[in-house]
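Asker: Next up is a structure, given as C-alpha cells.
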Amino acid sequence: MRNFDLSPLYRSAIGFDRLANMLDAASRNEQQPSYPPYNIELTGENAYRISMAVAGFSQDELEILSESGNLVIRGKKTEEKVERQYLYQGIAARNFERRFQLADHVRVESATISDGLLHVDLVREIPETMKPRRIEIR
C-alpha cells in the first residue's frame, strides 16, 4: 500500500522530472546503513552543516565528492601493518559510503575535521535571476 503512481504527474507537469524521481526514490524503502552516525543542522537562513562521527579515520582516509546534486562521503581504512590482539573491539573501523541528495543551488562550502567529527558546511545560493525583484510602475 506504499506504492504511489506518479504517471499523472508526468502527463500534466513539465520540468518536474527530478522532483518526481526524488519522490519515487524516497517512497522506496531502501535501508541505508546507520554507520557512521551523523547530524544535519541549520546554521543560518541559507546555511547547513552535516556533522559525521568518523572516530579512527584520518584525513587521508576520507573522501568528499559533490557531483550533480549528490554529496558522497566515503571512508576507506588502510590496512594496519601491526597485528593486534583485541580483548574487546567496540570501535568500528570499517569502510563506509554515505550519500546525501542536495537541493538545487546548494553547494559544499568547506569541510573540516576535529575531535573525531567531520563537519561539511553547505550553503544555498539563490541566483540573482531567481530572487524577487521590485518592478517599477511608470
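A note on labels: chains of the C-alpha cells are A, B, ... as shown, every chain counts residues from 1, and ligands are counted from 1 in their shown order.
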Neighbouring residues of segment 106-121 of chain A were defined as those with any atom within 12 Å, considering only C-alpha atoms; residues of the same chain fewer than 2 positions away were excluded. Please report them as JSON, numbers by chain.

Answerer: {"A": [36, 37, 38, 39, 40, 41, 42, 43, 44, 46, 47, 48, 49, 50, 51, 52, 53, 54, 55, 56, 57, 58, 59, 60, 61, 62, 63, 64, 65, 66, 67, 68, 69, 70, 71, 72, 73, 74, 75, 100, 101, 102, 103, 104, 123, 124, 125, 126, 127]}

Asker: Take the residues that were just selected and, keeping C-alpha atoms, output them as a PDB file, in the first residue's frame.

Answerer:
ATOM      1  CA  PRO A  36      28.590   6.328  10.775  1.00  0.00           C
ATOM      2  CA  PRO A  37      26.087   8.402  12.755  1.00  0.00           C
ATOM      3  CA  TYR A  38      25.558  11.993  11.611  1.00  0.00           C
ATOM      4  CA  ASN A  39      23.646  15.203  12.322  1.00  0.00           C
ATOM      5  CA  ILE A  40      22.226  17.744   9.896  1.00  0.00           C
ATOM      6  CA  GLU A  41      21.757  21.202  11.353  1.00  0.00           C
ATOM      7  CA  LEU A  42      20.575  24.571  10.133  1.00  0.00           C
ATOM      8  CA  THR A  43      23.298  27.108  10.914  1.00  0.00           C
ATOM      9  CA  GLY A  44      21.800  30.124   9.147  1.00  0.00           C
ATOM     10  CA  ASN A  46      20.691  29.539   3.868  1.00  0.00           C
ATOM     11  CA  ALA A  47      23.428  27.530   5.594  1.00  0.00           C
ATOM     12  CA  TYR A  48      23.563  23.912   6.727  1.00  0.00           C
ATOM     13  CA  ARG A  49      26.119  21.657   8.397  1.00  0.00           C
ATOM     14  CA  ILE A  50      26.494  17.903   8.274  1.00  0.00           C
ATOM     15  CA  SER A  51      28.469  16.565  11.249  1.00  0.00           C
ATOM     16  CA  MET A  52      29.561  12.945  10.973  1.00  0.00           C
ATOM     17  CA  ALA A  53      31.282  10.828  13.635  1.00  0.00           C
ATOM     18  CA  VAL A  54      34.437   9.473  11.992  1.00  0.00           C
ATOM     19  CA  ALA A  55      36.489   8.437  15.022  1.00  0.00           C
ATOM     20  CA  GLY A  56      39.549   6.450  13.995  1.00  0.00           C
ATOM     21  CA  PHE A  57      39.695   7.836  10.442  1.00  0.00           C
ATOM     22  CA  SER A  58      42.494  10.136   9.411  1.00  0.00           C
ATOM     23  CA  GLN A  59      42.022  12.996   6.976  1.00  0.00           C
ATOM     24  CA  ASP A  60      43.721  10.941   4.228  1.00  0.00           C
ATOM     25  CA  GLU A  61      41.222   8.097   4.638  1.00  0.00           C
ATOM     26  CA  LEU A  62      38.187  10.329   3.993  1.00  0.00           C
ATOM     27  CA  GLU A  63      36.894  11.469   0.613  1.00  0.00           C
ATOM     28  CA  ILE A  64      34.138  14.002  -0.103  1.00  0.00           C
ATOM     29  CA  LEU A  65      32.639  14.293  -3.595  1.00  0.00           C
ATOM     30  CA  SER A  66      29.985  16.708  -4.778  1.00  0.00           C
ATOM     31  CA  GLU A  67      28.570  15.892  -8.195  1.00  0.00           C
ATOM     32  CA  SER A  68      25.269  16.609  -9.963  1.00  0.00           C
ATOM     33  CA  GLY A  69      23.149  17.222  -6.886  1.00  0.00           C
ATOM     34  CA  ASN A  70      24.677  14.470  -4.766  1.00  0.00           C
ATOM     35  CA  LEU A  71      27.103  14.648  -1.877  1.00  0.00           C
ATOM     36  CA  VAL A  72      29.067  11.450  -1.292  1.00  0.00           C
ATOM     37  CA  ILE A  73      31.241  10.950   1.792  1.00  0.00           C
ATOM     38  CA  ARG A  74      33.479   7.881   1.810  1.00  0.00           C
ATOM     39  CA  GLY A  75      35.807   6.461   4.398  1.00  0.00           C
ATOM     40  CA  PHE A 100      23.053  12.910   0.514  1.00  0.00           C
ATOM     41  CA  GLN A 101      20.736  14.399  -2.109  1.00  0.00           C
ATOM     42  CA  LEU A 102      21.337  18.147  -2.421  1.00  0.00           C
ATOM     43  CA  ALA A 103      18.640  20.601  -3.435  1.00  0.00           C
ATOM     44  CA  ASP A 104      19.099  22.967  -6.359  1.00  0.00           C
ATOM     45  CA  VAL A 123      25.276  26.941   1.572  1.00  0.00           C
ATOM     46  CA  ARG A 124      22.262  27.610  -0.625  1.00  0.00           C
ATOM     47  CA  GLU A 125      22.980  30.352  -3.145  1.00  0.00           C
ATOM     48  CA  ILE A 126      19.924  31.568  -4.990  1.00  0.00           C
ATOM     49  CA  PRO A 127      20.883  33.129  -8.338  1.00  0.00           C
TER      50      PRO A 127
END

Asker: Distance atom CA of Ser34 of chain A-atom CA of Lys76 of chain A, one decimal place?

Answerer: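 Atom-to-atom, atom CA of Ser34 of chain A to atom CA of Lys76 of chain A, that is 16.4 Å.
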
Asker: From the list A:Arg138, A:Glu128, A:Ala92, A:Tyr35, which residue is nearest Lys77 of chain A when using only C-alpha atoms?

Answerer: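 Closest to Lys77 of chain A, using only C-alpha atoms: A:Ala92.
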